[in-house]
file work_28.csv (CSV, C-alpha atoms and all ligand atoms)
chain,number,residue,atom,x,y,z
I,1,MET,CA,82.1,107.9,111.4
I,2,ASN,CA,80.1,107.8,108.1
I,3,GLN,CA,81.0,104.2,107.2
I,4,ASP,CA,79.9,101.9,104.4
I,5,THR,CA,78.9,98.5,105.7
I,6,ILE,CA,81.8,96.0,105.2
I,7,ALA,CA,81.3,92.2,104.8
I,8,ILE,CA,84.3,90.0,105.4
I,9,ILE,CA,83.7,86.7,103.7
I,10,GLY,CA,85.9,84.1,105.4
I,11,GLY,CA,86.4,84.9,109.1
I,12,GLY,CA,89.5,82.9,109.6
I,13,ASN,CA,93.0,84.0,110.8
I,14,LEU,CA,93.2,87.0,108.5
I,15,GLY,CA,89.5,87.8,108.2
I,16,ARG,CA,89.1,88.1,111.9
I,17,SER,CA,92.4,90.1,112.3
I,18,ILE,CA,90.9,92.6,109.8
I,19,ALA,CA,87.6,92.8,111.8
I,20,GLN,CA,89.4,93.2,115.1
I,21,GLY,CA,91.7,95.9,113.7
I,22,LEU,CA,88.7,97.8,112.2
I,23,ILE,CA,86.8,98.0,115.5
I,24,LYS,CA,89.9,98.9,117.4
I,25,ASN,CA,90.2,101.8,115.0
I,26,GLN,CA,86.8,103.3,115.5
I,27,PHE,CA,84.9,101.4,112.7
I,28,ASN,CA,81.3,100.7,113.9
I,29,PRO,CA,81.1,97.0,114.7
I,30,GLU,CA,77.4,97.0,113.8
I,31,GLN,CA,78.4,97.8,110.2
I,32,ILE,CA,80.8,94.9,109.9
I,33,TYR,CA,79.7,91.4,108.9
I,34,VAL,CA,82.0,88.4,109.2
I,35,THR,CA,81.1,85.1,107.7
I,36,ARG,CA,82.3,81.5,108.0
I,37,THR,CA,80.5,78.2,107.9
I,38,LYS,CA,81.4,77.3,111.6
I,39,VAL,CA,79.8,80.5,112.7
I,40,ALA,CA,80.0,79.7,116.5
I,41,LEU,CA,83.8,80.2,116.2
I,42,LEU,CA,83.0,83.9,115.6
I,43,ASP,CA,81.2,84.3,118.9
I,44,ASP,CA,83.9,86.5,120.4
I,45,LEU,CA,83.4,88.9,117.5
I,46,LYS,CA,79.6,88.7,118.0
I,47,ALA,CA,80.2,89.7,121.6
I,48,GLN,CA,81.8,92.8,120.3
I,49,HIS,CA,78.7,93.7,118.3
I,50,ILE,CA,80.1,92.5,114.9
I,51,LYS,CA,77.4,90.8,112.8
I,52,THR,CA,78.4,87.2,112.3
I,53,THR,CA,76.7,84.7,110.0
I,54,SER,CA,77.2,81.6,107.9
I,55,ASN,CA,75.0,83.2,105.2
I,56,ASN,CA,77.3,84.9,102.7
I,57,ILE,CA,74.4,86.1,100.6
I,58,GLU,CA,72.9,87.9,103.5
I,59,ALA,CA,76.2,89.6,104.2
I,60,VAL,CA,76.8,90.6,100.6
I,61,LYS,CA,73.2,92.0,100.3
I,62,ASN,CA,73.7,94.1,103.4
I,63,ALA,CA,77.2,95.5,102.6
I,64,LYS,CA,78.7,98.0,100.2
I,65,ILE,CA,82.3,96.7,100.6
I,66,LEU,CA,83.1,93.0,100.3
I,67,ILE,CA,86.5,91.7,101.6
I,68,PHE,CA,87.1,88.2,100.5
I,69,ALA,CA,89.5,86.4,102.9
I,70,LEU,CA,89.0,82.7,101.9
I,71,LYS,CA,91.6,80.1,101.0
I,72,PRO,CA,92.4,80.3,97.3
I,73,TYR,CA,90.9,76.8,96.7
I,74,ARG,CA,87.5,77.9,98.1
I,75,ILE,CA,87.0,81.2,96.3
I,76,GLU,CA,85.6,79.9,93.0
I,77,ALA,CA,82.9,77.8,94.6
I,78,VAL,CA,81.9,80.6,97.0
I,79,LEU,CA,81.8,83.2,94.1
I,80,LYS,CA,79.5,80.9,92.1
I,81,GLU,CA,76.8,81.2,94.7
I,82,LEU,CA,77.4,85.0,95.1
I,83,THR,CA,77.8,86.2,91.6
I,84,SER,CA,74.3,87.2,91.0
I,85,HIS,CA,74.3,89.2,94.3
I,86,ILE,CA,77.5,91.1,93.6
I,87,THR,CA,76.7,94.3,91.7
I,88,PRO,CA,78.7,97.2,90.3
I,89,GLU,CA,77.7,99.2,93.4
I,90,HIS,CA,79.9,96.9,95.5
I,91,LEU,CA,83.6,97.5,96.0
I,92,VAL,CA,85.2,94.1,96.0
I,93,ILE,CA,88.5,93.6,97.9
I,94,SER,CA,90.4,90.4,97.7
I,95,VAL,CA,93.1,89.5,100.3
I,96,ILE,CA,93.5,86.0,98.8
I,97,SER,CA,97.0,85.1,97.9
I,98,ASP,CA,97.7,83.5,94.5
I,99,PHE,CA,94.4,84.5,93.0
I,100,SER,CA,94.8,87.3,90.4
I,101,LEU,CA,92.5,90.2,89.6
I,102,GLU,CA,91.8,88.6,86.3
I,103,GLN,CA,90.9,85.2,87.8
I,104,PHE,CA,88.6,87.1,90.3
I,105,SER,CA,87.0,89.2,87.6
I,106,ASN,CA,86.4,86.1,85.5
I,107,CYS,CA,84.2,84.7,88.3
I,108,LEU,CA,82.0,87.9,88.4
I,109,THR,CA,79.7,89.7,86.1
I,110,PRO,CA,81.3,92.6,84.1
I,111,ASN,CA,81.9,96.1,85.5
I,112,ILE,CA,82.6,95.0,89.1
I,113,GLN,CA,85.6,96.9,90.6
I,114,ILE,CA,88.1,94.8,92.4
I,115,VAL,CA,91.1,95.8,94.5
I,116,ARG,CA,93.7,93.2,95.6
I,117,ALA,CA,95.1,93.8,99.1
I,118,MET,CA,97.9,91.9,100.8
I,119,PRO,CA,97.8,92.7,104.6
I,120,ASN,CA,99.1,90.6,107.4
I,121,THR,CA,97.8,89.4,110.8
I,122,ALA,CA,99.2,92.5,112.6
I,123,ALA,CA,96.0,94.2,111.1
I,124,ALA,CA,94.4,93.0,114.4
I,125,ILE,CA,96.5,95.6,116.3
I,126,GLY,CA,96.6,98.3,113.6
I,127,GLU,CA,100.2,97.4,112.6
I,128,SER,CA,99.7,95.7,109.2
I,129,MET,CA,101.8,96.4,106.2
I,130,THR,CA,99.3,96.2,103.3
I,131,CYS,CA,100.2,96.2,99.6
I,132,LEU,CA,97.4,97.2,97.2
I,133,ALA,CA,97.0,96.6,93.5
I,134,SER,CA,94.1,97.2,91.1
I,135,LYS,CA,93.5,97.5,87.4
I,136,ASN,CA,89.9,98.7,86.9
I,137,ALA,CA,89.1,100.4,90.2
I,138,SER,CA,88.1,104.1,90.3
I,139,ALA,CA,90.2,106.6,92.2
I,140,GLU,CA,87.3,106.8,94.7
I,141,ASN,CA,87.3,103.0,95.3
I,142,ILE,CA,91.1,102.9,95.6
I,143,SER,CA,90.9,105.7,98.2
I,144,LYS,CA,88.1,103.8,100.1
I,145,THR,CA,90.3,100.7,100.1
I,146,LYS,CA,93.3,102.7,101.4
I,147,LEU,CA,91.2,104.2,104.2
I,148,ILE,CA,90.2,100.8,105.4
I,149,PHE,CA,93.8,99.5,105.3
I,150,GLU,CA,95.3,102.7,106.7
I,151,ALA,CA,93.1,102.0,109.8
I,152,LEU,CA,94.9,98.7,110.0
I,153,GLY,CA,98.5,100.0,109.6
I,154,GLU,CA,100.6,101.2,106.6
I,155,THR,CA,99.7,100.9,102.9
I,156,ILE,CA,101.6,100.9,99.7
I,157,GLU,CA,100.5,100.7,96.1
I,158,ILE,CA,102.3,98.1,93.9
I,159,ASP,CA,102.0,96.5,90.5
I,160,GLU,CA,99.9,93.4,90.6
I,161,ASN,CA,102.9,91.4,89.3
I,162,LEU,CA,104.6,92.0,92.6
I,163,MET,CA,101.7,90.6,94.7
I,164,ASP,CA,103.4,87.2,95.2
I,165,ALA,CA,106.4,89.0,96.4
I,166,ALA,CA,104.2,91.1,98.7
I,167,THR,CA,102.6,88.0,100.1
I,168,VAL,CA,106.0,86.6,101.0
I,169,LEU,CA,107.7,89.7,102.3
I,170,GLY,CA,104.8,91.3,104.0
I,171,ALA,CA,102.4,88.5,105.0
I,172,CYS,CA,104.7,85.5,105.5
I,173,GLY,CA,107.2,88.0,106.9
I,174,ILE,CA,105.2,88.0,110.2
I,175,ALA,CA,106.0,84.3,110.7
I,176,TYR,CA,109.7,84.8,109.7
I,177,ALA,CA,110.0,87.6,112.2
I,178,LEU,CA,108.3,85.7,115.0
I,179,ARG,CA,110.6,82.7,114.4
I,180,PHE,CA,113.5,85.0,114.7
I,181,ILE,CA,112.1,86.3,118.0
I,182,ARG,CA,111.5,82.8,119.2
I,183,ALA,CA,115.2,81.9,118.5
I,184,MET,CA,116.2,85.1,120.5
I,185,ILE,CA,114.0,83.9,123.4
I,186,GLN,CA,115.5,80.4,123.3
I,187,GLY,CA,119.0,81.9,123.3
I,188,GLY,CA,118.0,84.3,126.1
I,189,ILE,CA,116.8,81.4,128.3
I,190,GLU,CA,120.1,79.6,127.6
I,191,ILE,CA,122.1,82.6,128.9
I,192,GLY,CA,120.0,83.0,132.0
I,193,PHE,CA,116.6,84.6,131.6
I,194,ASP,CA,113.3,83.0,132.4
I,195,ALA,CA,111.0,82.7,129.4
I,196,LYS,CA,108.8,85.6,130.3
I,197,THR,CA,111.6,88.0,130.8
I,198,ALA,CA,113.4,86.8,127.6
I,199,THR,CA,110.2,87.3,125.6
I,200,LYS,CA,109.8,90.8,126.9
I,201,ILE,CA,113.5,91.7,126.2
I,202,ALA,CA,113.5,90.1,122.7
I,203,SER,CA,110.2,91.5,121.6
I,204,GLN,CA,110.9,95.1,122.7
I,205,THR,CA,114.4,94.9,121.2
I,206,VAL,CA,113.0,93.8,117.8
I,207,LYS,CA,110.4,96.5,118.0
I,208,GLY,CA,113.1,99.1,118.7
I,209,ALA,CA,115.3,97.8,115.9
I,210,SER,CA,112.3,98.2,113.4
I,211,GLU,CA,111.5,101.6,114.7
I,212,LEU,CA,115.1,102.8,114.2
I,213,LEU,CA,114.7,102.0,110.5
I,214,LEU,CA,111.1,103.2,110.2
I,215,GLN,CA,111.7,106.5,112.0
I,216,ASN,CA,115.3,107.3,110.9
I,217,GLY,CA,115.1,105.8,107.3
I,218,ASN,CA,118.6,104.5,107.7
I,219,HIS,CA,120.1,101.4,106.2
I,220,PRO,CA,120.2,98.5,108.7
I,221,GLU,CA,124.0,98.3,108.5
I,222,GLU,CA,124.3,102.0,109.6
I,223,GLU,CA,122.4,101.1,112.8
I,224,ILE,CA,124.4,97.9,113.2
I,225,ASP,CA,127.7,99.8,113.1
I,226,LYS,CA,126.5,101.8,116.1
I,227,VAL,CA,126.2,98.5,118.1
I,228,THR,CA,129.3,96.6,117.1
I,229,THR,CA,132.1,97.7,119.4
I,230,PRO,CA,135.5,96.7,117.8
I,231,LYS,CA,136.6,93.3,119.2
I,232,GLY,CA,133.2,93.3,121.1
I,233,CYS,CA,130.6,90.7,121.7
I,234,THR,CA,128.1,91.9,119.1
I,235,ILE,CA,130.4,91.5,116.1
I,236,ALA,CA,131.7,88.2,117.4
I,237,GLY,CA,128.1,86.8,117.7
I,238,LEU,CA,126.9,88.4,114.4
I,239,ASN,CA,129.8,86.9,112.4
I,240,GLU,CA,129.2,83.5,114.0
I,241,MET,CA,125.6,83.7,112.9
I,242,GLU,CA,126.7,84.6,109.4
I,243,HIS,CA,129.2,81.7,109.3
I,244,GLN,CA,126.2,79.5,110.2
I,245,GLY,CA,124.3,80.9,107.2
I,246,PHE,CA,121.9,83.4,109.0
I,247,SER,CA,121.3,85.9,106.1
I,248,SER,CA,121.7,83.2,103.5
I,249,SER,CA,119.0,81.0,105.1
I,250,LEU,CA,116.6,83.8,105.3
I,251,ILE,CA,117.1,84.8,101.6
I,252,LYS,CA,116.8,81.1,100.6
I,253,GLY,CA,113.6,80.8,102.7
I,254,ILE,CA,112.1,83.8,101.0
I,255,LYS,CA,112.9,82.4,97.6
I,256,THR,CA,111.4,79.0,98.5
I,257,SER,CA,108.2,80.7,99.7
I,258,ILE,CA,107.7,82.5,96.4
I,259,GLU,CA,108.6,79.4,94.4
I,260,THR,CA,105.9,77.6,96.4
I,261,ILE,CA,103.3,80.2,95.3
I,262,GLN,CA,104.5,80.3,91.7
I,263,LYS,CA,105.0,76.5,91.1
I,264,ASP,CA,101.5,76.0,89.6
I,301,LIG,N1,96.8,84.2,107.5
I,301,LIG,C1,97.6,85.1,107.0
I,301,LIG,O1,98.5,85.6,107.6
I,301,LIG,C2,97.3,85.7,105.6
I,301,LIG,C3,96.5,85.1,104.7
I,301,LIG,N2,96.3,85.6,103.5
I,301,LIG,C4,95.3,85.0,102.6
I,301,LIG,O2,94.0,85.1,103.2
I,301,LIG,C5,93.2,84.0,102.9
I,301,LIG,C6,92.7,83.4,104.2
I,301,LIG,O3,93.8,82.9,104.9
I,301,LIG,P1,93.6,82.5,106.4
I,301,LIG,O4,92.8,83.5,107.2
I,301,LIG,O5,94.9,82.2,106.9
I,301,LIG,O6,92.8,81.2,106.3
I,301,LIG,P2,91.8,80.5,107.3
I,301,LIG,O7,91.6,79.1,106.8
I,301,LIG,O8,92.2,80.8,108.7
I,301,LIG,O9,90.4,81.3,107.0
I,301,LIG,C7,89.6,81.1,105.9
I,301,LIG,C8,88.2,81.0,106.5
I,301,LIG,O10,87.3,80.9,105.5
I,301,LIG,C9,86.1,80.2,106.1
I,301,LIG,N3,85.3,79.6,105.0
I,301,LIG,C10,85.5,78.5,104.3
I,301,LIG,N4,84.5,78.3,103.5
I,301,LIG,C11,83.6,79.3,103.6
I,301,LIG,C12,82.4,79.7,103.0
I,301,LIG,N5,81.8,78.9,102.1
I,301,LIG,N6,81.9,80.9,103.4
I,301,LIG,C13,82.4,81.7,104.3
I,301,LIG,N7,83.6,81.4,104.9
I,301,LIG,C14,84.2,80.2,104.6
I,301,LIG,C15,86.7,79.2,107.0
I,301,LIG,O11,85.9,78.9,108.1
I,301,LIG,P3,84.9,77.7,108.1
I,301,LIG,O12,85.6,76.5,107.9
I,301,LIG,O13,84.2,77.9,109.4
I,301,LIG,O14,83.9,78.0,107.0
I,301,LIG,C16,88.0,79.9,107.5
I,301,LIG,O15,87.8,80.4,108.8
I,301,LIG,C17,94.1,83.1,102.1
I,301,LIG,O16,93.8,83.2,100.7
I,301,LIG,C18,95.5,83.5,102.5
I,301,LIG,O17,96.4,83.2,101.4
I,301,LIG,C19,96.9,86.7,103.1
I,301,LIG,C20,97.8,87.4,103.9
I,301,LIG,C21,98.1,86.9,105.2
I,302,LIG,O1,101.0,80.7,104.1
I,302,LIG,C1,100.2,81.1,103.2
I,302,LIG,O2,100.1,80.5,102.2
I,302,LIG,C2,99.4,82.4,103.5
I,302,LIG,C3,99.8,83.5,102.5
I,302,LIG,C4,100.4,84.5,103.3
I,302,LIG,C5,100.3,84.1,104.7
I,302,LIG,N1,99.7,82.9,104.8
call {"tool": "encode", "arguments": {"input": "work_28.csv", "output": "structure tokens"}}
result
Amino acid sequence: MNQDTIAIIGGGNLGRSIAQGLIKNQFNPEQIYVTRTKVALLDDLKAQHIKTTSNNIEAVKNAKILIFALKPYRIEAVLKELTSHITPEHLVISVISDFSLEQFSNCLTPNIQIVRAMPNTAAAIGESMTCLASKNASAENISKTKLIFEALGETIEIDENLMDAATVLGACGIAYALRFIRAMIQGGIEIGFDAKTATKIASQTVKGASELLLQNGNHPEEEIDKVTTPKGCTIAGLNEMEHQGFSSSLIKGIKTSIETIQKD
């Protein structure tokens, strides 16, 4: 594949998920840099021929596409040392939550194109949902960004003012879904399965439920109606879950997550 060299600045949970997903999807590992200060923690990526370094400047100088995957409180300090090395020839992609295009742009010299992307950790297996937003990026750079994130799953373009919402629904959503699965497993063990079997049944069942929506495009309730036998066990359990605040607790949790981002 004719590939621009990509530098992922910040090889933590998300940065390494992106790197792993890219090499799983035929990107050349030798054209991917991943940086972090504790570089030894990237040895597993190094073993897969990804270039790992603690030297951000080296990575930026050698790459065309820069993906910033740092914690929001670190980005300004890191950009300070990199500003003079980031040029209009670079495509800058930020996956940093709660750090706007305008804030990013204010840390760089003029005329640098930036795209904000909000993927999730399922990027590692090519199953991310990534929301993209940009103000000044060219159609070519938006397409390049899409190509990268399409290799990591699905993409959708949104207004930047929905990026906090995308962070919560798409990125935090992985954790919410996993907690749901964990509760299914705990319930499954209580009704008789060993943990391994319960995990397999719960995970595949949730995957199947998602696929029913993704492949058929139906409303969840339409698929639920197919499962709920009148006077049956599904509706009895489902109603008890709702009496206990199931949907309400999820909605409230989602709102609390976004309020946490937007409180400052
Ligand atoms: N985790 C997720 O599911 C998602 C995260 N995000 C966003 O992505 C960003 C990263 O999150 P996450 O991966 O979870 O955080 P992590 O803390 O796991 O990763 C950040 C990485 O940055 C590295 N780092 C710190 N300072 C530097 C530096 N000076 N140069 C290079 N690397 C540095 C750290 O490693 P070291 O200490 O070794 O330097 C660390 O591994 C955040 O803004 C988050 O909001 C967005 C969507 C999903
Ligand atoms: O919890 C967080 O703040 C980050 C943003 C999305 C996922 N993790």
call {"tool": "atom_distance", "arguments": {"input": "work_28.csv", "atom1": "CA of Asp4 in chain I", "atom2": "CA of Gln31 in chain I"}}
result
7.3 Å
call {"tool": "residues_near_ligand", "arguments": {"input": "work_28.csv", "ligand": "ligand LIG 302 (chain I)", "cutoff": "7 Å", "atoms": "all atoms listed in the file", "output": "ChimeraX atom specification"}}
result
/I:97,167-168,171-172
call {"tool": "residues_near_ligand", "arguments": {"input": "work_28.csv", "ligand": "ligand LIG 301 (chain I)", "cutoff": "7 Å", "atoms": "only C-alpha atoms and all ligand atoms", "output": "JSON, numbers by chain"}}
result
{"I": [9, 10, 11, 12, 13, 14, 15, 35, 36, 37, 38, 39, 54, 56, 69, 70, 71, 72, 74, 78, 95, 96, 97, 118, 119, 120, 121, 167, 171, 172]}
call {"tool": "atom_distance", "arguments": {"input": "work_28.csv", "atom1": "CA of Asn62 in chain I", "atom2": "CA of Pro29 in chain I"}}
result
13.8 Å
call {"tool": "closest_residue", "arguments": {"input": "work_28.csv", "among": "I:Ile251, I:Met241, I:Ile114, I:Leu169", "to": "Asn141 in chain I", "atoms": "all atoms listed in the file"}}
result
I:Ile114
call {"tool": "residues_around", "arguments": {"input": "work_28.csv", "residues": "Ser138 in chain I", "least_positions_apart": "3", "cutoff": "12 Å", "atoms": "only C-alpha atoms", "output": "list in words"}}
result
Pro88, Glu89, Leu91, Val92, Asn111, Ile112, Gln113, Ile114, Val115, Ser134, Lys135, Asn141, Ile142, Ser143, Lys144 and Thr145 of chain I
call {"tool": "atom_distance", "arguments": {"input": "work_28.csv", "atom1": "CA of Arg116 in chain I", "atom2": "CA of Ala133 in chain I"}}
result
5.2 Å
call {"tool": "residues_around", "arguments": {"input": "work_28.csv", "residues": "Asn25 in chain I", "least_positions_apart": "3", "cutoff": "7 Å", "atoms": "all atoms listed in the file", "output": "list in words"}}
result
Gly21, Leu22 and Ala151 of chain I
call {"tool": "write_last_selection", "arguments": {"input": "work_28.csv", "atoms": "C-alpha atoms", "output": "CSV table (one decimal), in the frame of the given file"}}
result
chain,number,residue,atom,x,y,z
I,21,GLY,CA,91.7,95.9,113.7
I,22,LEU,CA,88.7,97.8,112.2
I,151,ALA,CA,93.1,102.0,109.8
call {"tool": "residues_around", "arguments": {"input": "work_28.csv", "residues": "range 106-108 of chain I", "least_positions_apart": "3", "cutoff": "10 Å", "atoms": "only C-alpha atoms", "output": "VMD selection string"}}
result
chain I and resid 75 to 80 82 to 87 100 to 103 111 to 113
call {"tool": "closest_residue", "arguments": {"input": "work_28.csv", "among": "I:His90, I:Lys146, I:Lys24, I:Lys46", "to": "Ala63 in chain I", "atoms": "all atoms listed in the file"}}
result
I:His90
call {"tool": "residues_around", "arguments": {"input": "work_28.csv", "residues": "Met129 in chain I", "least_positions_apart": "4", "cutoff": "6 Å", "atoms": "all atoms listed in the file", "output": "list of chain:residue names"}}
result
I:Pro119, I:Gly153, I:Glu154, I:Thr155
